[in-house]
Amino acid sequence: MAAPTTTVEHNPNIPDYEPGDGNTKTFHVDSFRKEWLSRLKQSEYSYKAENEDTFHANFAREMGVSVDLMRELKDVCSTTALHCHSEDQQPDPEVVPDDASLKTLIERKKHQDYKASLKIGKSRHDLYADEQARLFVAIRPESLEHLIPEGEVILTINAYYPATFEKFVYVRPHVTLLLLGSQSLTELRDAICCASDLQVSGELSNTPEMAPDFISKDHFKSAFFFFEGVFYNDMRYPECRDISETTIKWTKANKFPSYRKAKMEDTKFADLEIKVGFPYLYCHQGDCEHVVIITDVRLIHKDDCLDRRLYPLLTHKHRVLMHKCAVCYTFIGRWCTIGDQFAPSNPCLFCDKCFRMLHYDKDGKKLGDFLAYPYVDRGAFS
Ligand SMILES: [Zn+2]
Ligand SMILES: [Zn+2]
């Protein structure tokens, strides 16, 4: 598909929201990739590792120094030569000395003292901060069929949670995904996990076994991305509706810049015209709106994961606390009851097991009077 282009004329009715230096100018992803490839030598983006001696010889030539001087520089500037203690001492790198004068060490000490004052061990958040990124470094597929071609482009995309809670406005939790230029927008859509896709609507206290049949994702499949004045609608299934139509009509009637539309499944990331760092929109389930920011566009490197099947590649996932069952306080809440005589609070959360044990007899007959709604916790993906 040809790259969509939009001309957004200046309209005095529309304030200029765009901050001056928060994002790049609009560019076409594939043209940018080609520009790189025309300027770089193949050896610079090839997966084949360059011989270390050749690398140093080339580097010495480029810097205009002799190979011997290059070797000496390498020894002097090596990280092993960096120490602030005498050779016979081997201090623990975790312990910051009390008389530290380096600003970074002073800040680190402050942070360590603060952590110690909390009297908790290392949290999951600390331990797994870069877990995903670590897992996929330099993975190569066993067969060439799945190997990503050299010179492919990788986009780093942050998909933010909808700001449904006041505190989300400040903490900005998100997932970070890596996508290839040759992947379609639907692959990003399918990789964004959102609790609203799994919501089950309706009061089901009389038929709790019906719950799994009513997931919103299966019923309401429409969604769009909005990049640079173009709505990319997901039209893969017959049930999909063009939910951008209302907005497009409204903009026409109100003399806004004319927005266009295209199909999400027919558009590849390489086809897009985008700005890096600019907040775009992903909308699904009618009004569940996520900000999507492309934070980086670059060529693939031999140390990246080279197996096409593992993309979109999740490299960061915000962990949110789970809301647990009010009875066992062990499992995640799956049911929310209202007006429940057995519950300690109103409304009240139960895991599936406790909910059924407490509210139904051994033949599955409902006991007592209450309303029950299936509940999907936003911590379910953590
Ligand atoms: Zn959502
Ligand atoms: Zn429970």
# chains A, B, ... in the order shown; residues from 1 in each chain; ligands from 1

$ residues_around --residues "Tyr280 in chain A" --least-positions-apart "2" --cutoff "9 Å" --atoms "only C-alpha atoms" --output "PDB file with C-alpha atoms, in the first residue's frame"
ATOM      1  CA  PHE A 225      -5.133   3.540  15.357  1.00  0.00           C
ATOM      2  CA  PHE A 226      -4.938   7.225  14.573  1.00  0.00           C
ATOM      3  CA  PHE A 227      -1.614   8.295  13.073  1.00  0.00           C
ATOM      4  CA  GLU A 228      -1.061  11.656  11.386  1.00  0.00           C
ATOM      5  CA  PHE A 278       4.356  12.071  19.355  1.00  0.00           C
ATOM      6  CA  TYR A 282      -5.341   3.418  19.820  1.00  0.00           C
ATOM      7  CA  HIS A 290      -4.685   4.262  24.765  1.00  0.00           C
ATOM      8  CA  VAL A 291      -1.940   6.708  23.954  1.00  0.00           C
ATOM      9  CA  VAL A 292       0.645   5.091  21.686  1.00  0.00           C
ATOM     10  CA  ILE A 293       4.083   6.647  21.318  1.00  0.00           C
ATOM     11  CA  ILE A 294       6.744   5.514  18.875  1.00  0.00           C
TER      12      ILE A 294
END

$ residues_near_ligand --ligand "ligand 1" --cutoff "6 Å" --atoms "only C-alpha atoms and all ligand atoms" --output "ChimeraX atom specification"
/A:194,196,288-289

$ atom_distance --atom1 "CA of Phe350 in chain A" --atom2 "CA of Tyr329 in chain A"
8.8 Å

$ residues_near_ligand --ligand "ligand 2" --cutoff "10 Å" --atoms "only C-alpha atoms and all ligand atoms" --output "PyMOL selection string"
chain A and resi 324-335+349-358

$ residues_around --residues "range 233-237 of chain A" --least-positions-apart "3" --cutoff "9 Å" --atoms "only C-alpha atoms" --output "VMD selection string"
chain A and resid 185 to 186 189 221 to 226 240 to 244 261 to 265

$ residues_around --residues "His146 in chain A" --least-positions-apart "3" --cutoff "7 Å" --atoms "only C-alpha atoms" --output "ChimeraX atom specification"
/A:141,143,307-309

$ write_last_selection --atoms "C-alpha atoms" --output "CSV table (one decimal), in the first residue's frame"
chain,number,residue,atom,x,y,z
A,141,PRO,CA,16.1,-18.9,14.7
A,143,SER,CA,16.1,-22.1,10.3
A,307,ASP,CA,13.7,-14.6,15.0
A,308,ARG,CA,10.7,-13.1,13.2
A,309,ARG,CA,8.3,-15.3,15.1

$ residues_around --residues "Leu198 in chain A" --least-positions-apart "4" --cutoff "7 Å" --atoms "only C-alpha atoms" --output "list in words"
Ile215, Ser216, Lys217 and Val376 of chain A

$ residues_around --residues "Phe370 in chain A" --least-positions-apart "4" --cutoff "10 Å" --atoms "only C-alpha atoms" --output "list in words"
Glu203, Ser205, Asn206, Thr337, Ile338, Gly339, Asp340, Gln341, Phe342, Ala343, His359 and Lys366 of chain A

$ atom_distance --atom1 "CA of Arg298 in chain A" --atom2 "CA of Arg33 in chain A"
7.8 Å

$ closest_residue --among "A:Leu299, A:Gln183, A:Lys25, A:Phe269" --to "Leu37 in chain A" --atoms "only C-alpha atoms"
A:Leu299

$ residues_around --residues "Lys34 in chain A" --least-positions-apart "6" --cutoff "12 Å" --atoms "only C-alpha atoms" --output "tab-separated table (two decimals) with N, CA and C atoms, in the first residue's frame"
chain	number	residue	atom	x	y	z
A	28	HIS	N	8.63	9.35	6.58
A	28	HIS	CA	8.12	8.07	6.07
A	28	HIS	C	9.10	6.97	6.47
A	40	LEU	N	25.08	3.68	4.66
A	40	LEU	CA	25.93	2.75	5.42
A	40	LEU	C	26.57	1.73	4.49
A	151	GLY	N	19.06	-5.26	7.45
A	151	GLY	CA	18.56	-3.97	6.96
A	151	GLY	C	17.08	-3.75	7.24
A	152	GLU	N	16.47	-4.63	8.04
A	152	GLU	CA	15.06	-4.43	8.44
A	152	GLU	C	15.03	-3.30	9.48
A	153	VAL	N	13.88	-2.69	9.59
A	153	VAL	CA	13.76	-1.58	10.53
A	153	VAL	C	12.95	-2.03	11.76
A	181	GLY	N	9.36	-3.24	10.60
A	181	GLY	CA	8.74	-2.43	9.56
A	181	GLY	C	7.82	-3.24	8.67
A	270	ALA	N	6.26	0.09	7.87
A	270	ALA	CA	7.15	0.76	6.92
A	270	ALA	C	6.39	1.76	6.05
A	298	ARG	N	14.82	2.37	14.17
A	298	ARG	CA	16.25	2.12	13.89
A	298	ARG	C	16.40	0.86	13.05
A	299	LEU	N	17.62	0.63	12.56
A	299	LEU	CA	17.89	-0.60	11.81
A	299	LEU	C	18.15	-1.74	12.79

$ select_by_dssp --residues "range 86-326 of chain A" --states "helix (DSSP H, G or I)" --output "PyMOL selection string"
chain A and resi 103-118+124-127+131-135+144-146+168-171+185-191+195-197+208-214+216-219+245-253+264-266+269-271+308-310

$ write_last_selection --atoms "C-alpha atoms" --output "tab-separated table (two decimals), in the first residue's frame"
chain	number	residue	atom	x	y	z
A	103	LYS	CA	27.79	13.06	42.73
A	104	THR	CA	26.58	9.75	41.28
A	105	LEU	CA	27.79	7.89	44.39
A	106	ILE	CA	26.16	10.42	46.72
A	107	GLU	CA	22.86	9.97	44.87
A	108	ARG	CA	23.26	6.21	44.97
A	109	LYS	CA	23.91	6.28	48.70
A	110	LYS	CA	20.76	8.38	49.22
A	111	HIS	CA	18.76	5.85	47.24
A	112	GLN	CA	20.27	2.91	49.15
A	113	ASP	CA	19.56	4.55	52.52
A	114	TYR	CA	15.99	5.26	51.48
A	115	LYS	CA	15.46	1.65	50.37
A	116	ALA	CA	16.96	0.38	53.63
A	117	SER	CA	14.61	2.64	55.63
A	118	LEU	CA	11.63	0.90	53.99
A	124	ARG	CA	9.76	-7.95	41.92
A	125	HIS	CA	9.92	-4.64	40.13
A	126	ASP	CA	13.66	-4.32	40.82
A	127	LEU	CA	14.47	-7.92	40.04
A	131	GLU	CA	13.77	-9.25	32.39
A	132	GLN	CA	12.14	-9.26	28.97
A	133	ALA	CA	14.93	-7.36	27.28
A	134	ARG	CA	17.53	-9.75	28.72
A	135	LEU	CA	15.70	-12.83	27.50
A	144	LEU	CA	16.84	-19.33	7.86
A	145	GLU	CA	13.17	-19.12	6.96
A	146	HIS	CA	12.47	-17.21	10.17
A	168	PHE	CA	-2.53	6.70	36.11
A	169	VAL	CA	-2.33	10.27	34.91
A	170	TYR	CA	0.95	10.57	36.80
A	171	VAL	CA	2.58	7.14	36.71
A	185	LEU	CA	-0.66	-2.60	12.38
A	186	THR	CA	-2.97	-5.45	13.34
A	187	GLU	CA	0.00	-7.25	14.87
A	188	LEU	CA	0.46	-4.35	17.26
A	189	ARG	CA	-3.25	-4.33	17.98
A	190	ASP	CA	-3.23	-8.03	18.88
A	191	ALA	CA	-0.19	-7.58	21.11
A	195	ALA	CA	-8.50	-5.72	30.56
A	196	SER	CA	-11.41	-4.11	28.73
A	197	ASP	CA	-11.05	-6.72	25.93
A	208	PRO	CA	-22.13	-18.37	36.40
A	209	GLU	CA	-20.97	-21.09	34.01
A	210	MET	CA	-21.90	-18.81	31.07
A	211	ALA	CA	-19.17	-16.31	31.92
A	212	PRO	CA	-16.41	-17.36	29.50
A	213	ASP	CA	-18.79	-17.11	26.53
A	214	PHE	CA	-19.20	-13.36	26.75
A	216	SER	CA	-15.99	-8.32	24.88
A	217	LYS	CA	-13.11	-8.99	22.47
A	218	ASP	CA	-15.16	-11.63	20.65
A	219	HIS	CA	-18.21	-9.42	20.39
A	245	GLU	CA	-16.85	7.31	10.41
A	246	THR	CA	-18.58	9.43	13.06
A	247	THR	CA	-15.44	11.44	13.76
A	248	ILE	CA	-14.66	11.91	10.07
A	249	LYS	CA	-18.21	13.17	9.42
A	250	TRP	CA	-18.02	15.49	12.39
A	251	THR	CA	-14.71	16.99	11.27
A	252	LYS	CA	-16.15	17.61	7.80
A	253	ALA	CA	-19.19	19.36	9.23
A	264	MET	CA	-5.22	-1.56	9.68
A	265	GLU	CA	-4.57	-5.01	8.24
A	266	ASP	CA	-3.32	-3.61	4.89
A	269	PHE	CA	4.73	0.07	9.77
A	270	ALA	CA	7.15	0.76	6.92
A	271	ASP	CA	4.27	2.45	5.03
A	308	ARG	CA	10.74	-13.06	13.20
A	309	ARG	CA	8.26	-15.26	15.09
A	310	LEU	CA	9.05	-13.55	18.41

$ decode --residues "range 179-245 of chain A" --atoms "C-alpha atoms" --output "PDB file, in the first residue's frame"
ATOM      1  CA  LEU A 179       7.838  -4.226  15.924  1.00  0.00           C
ATOM      2  CA  LEU A 180       9.347  -4.752  12.497  1.00  0.00           C
ATOM      3  CA  GLY A 181       8.742  -2.429   9.562  1.00  0.00           C
ATOM      4  CA  SER A 182       7.294  -5.366   7.607  1.00  0.00           C
ATOM      5  CA  GLN A 183       4.655  -6.097  10.259  1.00  0.00           C
ATOM      6  CA  SER A 184       1.129  -4.834   9.909  1.00  0.00           C
ATOM      7  CA  LEU A 185      -0.659  -2.596  12.382  1.00  0.00           C
ATOM      8  CA  THR A 186      -2.974  -5.454  13.340  1.00  0.00           C
ATOM      9  CA  GLU A 187       0.005  -7.249  14.869  1.00  0.00           C
ATOM     10  CA  LEU A 188       0.456  -4.346  17.257  1.00  0.00           C
ATOM     11  CA  ARG A 189      -3.247  -4.332  17.979  1.00  0.00           C
ATOM     12  CA  ASP A 190      -3.225  -8.026  18.879  1.00  0.00           C
ATOM     13  CA  ALA A 191      -0.186  -7.575  21.108  1.00  0.00           C
ATOM     14  CA  ILE A 192      -1.760  -4.873  23.280  1.00  0.00           C
ATOM     15  CA  CYS A 193      -3.379  -6.624  26.229  1.00  0.00           C
ATOM     16  CA  CYS A 194      -6.108  -4.609  27.855  1.00  0.00           C
ATOM     17  CA  ALA A 195      -8.495  -5.717  30.555  1.00  0.00           C
ATOM     18  CA  SER A 196     -11.414  -4.107  28.725  1.00  0.00           C
ATOM     19  CA  ASP A 197     -11.049  -6.720  25.930  1.00  0.00           C
ATOM     20  CA  LEU A 198     -11.721  -9.436  28.494  1.00  0.00           C
ATOM     21  CA  GLN A 199     -14.641  -7.818  30.270  1.00  0.00           C
ATOM     22  CA  VAL A 200     -17.727  -9.915  30.458  1.00  0.00           C
ATOM     23  CA  SER A 201     -20.876  -7.901  30.582  1.00  0.00           C
ATOM     24  CA  GLY A 202     -24.021  -8.794  32.412  1.00  0.00           C
ATOM     25  CA  GLU A 203     -25.297 -10.074  35.715  1.00  0.00           C
ATOM     26  CA  LEU A 204     -24.665 -13.812  35.827  1.00  0.00           C
ATOM     27  CA  SER A 205     -25.488 -14.951  39.357  1.00  0.00           C
ATOM     28  CA  ASN A 206     -28.017 -17.459  37.997  1.00  0.00           C
ATOM     29  CA  THR A 207     -25.747 -18.774  35.252  1.00  0.00           C
ATOM     30  CA  PRO A 208     -22.127 -18.370  36.403  1.00  0.00           C
ATOM     31  CA  GLU A 209     -20.975 -21.094  34.013  1.00  0.00           C
ATOM     32  CA  MET A 210     -21.898 -18.811  31.072  1.00  0.00           C
ATOM     33  CA  ALA A 211     -19.167 -16.309  31.923  1.00  0.00           C
ATOM     34  CA  PRO A 212     -16.406 -17.364  29.499  1.00  0.00           C
ATOM     35  CA  ASP A 213     -18.790 -17.115  26.527  1.00  0.00           C
ATOM     36  CA  PHE A 214     -19.204 -13.355  26.746  1.00  0.00           C
ATOM     37  CA  ILE A 215     -15.757 -11.821  26.356  1.00  0.00           C
ATOM     38  CA  SER A 216     -15.985  -8.321  24.882  1.00  0.00           C
ATOM     39  CA  LYS A 217     -13.107  -8.985  22.473  1.00  0.00           C
ATOM     40  CA  ASP A 218     -15.156 -11.634  20.648  1.00  0.00           C
ATOM     41  CA  HIS A 219     -18.213  -9.422  20.385  1.00  0.00           C
ATOM     42  CA  PHE A 220     -16.832  -5.980  19.692  1.00  0.00           C
ATOM     43  CA  LYS A 221     -13.939  -6.370  17.292  1.00  0.00           C
ATOM     44  CA  SER A 222     -13.763  -2.865  15.918  1.00  0.00           C
ATOM     45  CA  ALA A 223     -10.728  -0.738  16.700  1.00  0.00           C
ATOM     46  CA  PHE A 224      -8.518   1.898  15.128  1.00  0.00           C
ATOM     47  CA  PHE A 225      -5.133   3.540  15.357  1.00  0.00           C
ATOM     48  CA  PHE A 226      -4.938   7.225  14.573  1.00  0.00           C
ATOM     49  CA  PHE A 227      -1.614   8.295  13.073  1.00  0.00           C
ATOM     50  CA  GLU A 228      -1.061  11.656  11.386  1.00  0.00           C
ATOM     51  CA  GLY A 229      -4.642  12.397  10.369  1.00  0.00           C
ATOM     52  CA  VAL A 230      -5.403   8.860   9.190  1.00  0.00           C
ATOM     53  CA  PHE A 231      -7.686   6.399  10.959  1.00  0.00           C
ATOM     54  CA  TYR A 232      -6.448   2.837  10.477  1.00  0.00           C
ATOM     55  CA  ASN A 233      -9.510   0.699  11.066  1.00  0.00           C
ATOM     56  CA  ASP A 234      -9.364  -2.984  11.899  1.00  0.00           C
ATOM     57  CA  MET A 235     -11.685  -4.528   9.280  1.00  0.00           C
ATOM     58  CA  ARG A 236     -10.485  -8.145   9.432  1.00  0.00           C
ATOM     59  CA  TYR A 237     -13.782  -9.654  10.535  1.00  0.00           C
ATOM     60  CA  PRO A 238     -17.283  -9.286   9.132  1.00  0.00           C
ATOM     61  CA  GLU A 239     -18.474  -7.898  12.501  1.00  0.00           C
ATOM     62  CA  CYS A 240     -15.963  -5.026  12.355  1.00  0.00           C
ATOM     63  CA  ARG A 241     -17.477  -1.615  11.906  1.00  0.00           C
ATOM     64  CA  ASP A 242     -15.816   1.517  10.726  1.00  0.00           C
ATOM     65  CA  ILE A 243     -15.872   3.368  14.044  1.00  0.00           C
ATOM     66  CA  SER A 244     -13.903   6.309  12.630  1.00  0.00           C
ATOM     67  CA  GLU A 245     -16.849   7.312  10.407  1.00  0.00           C
TER      68      GLU A 245
END
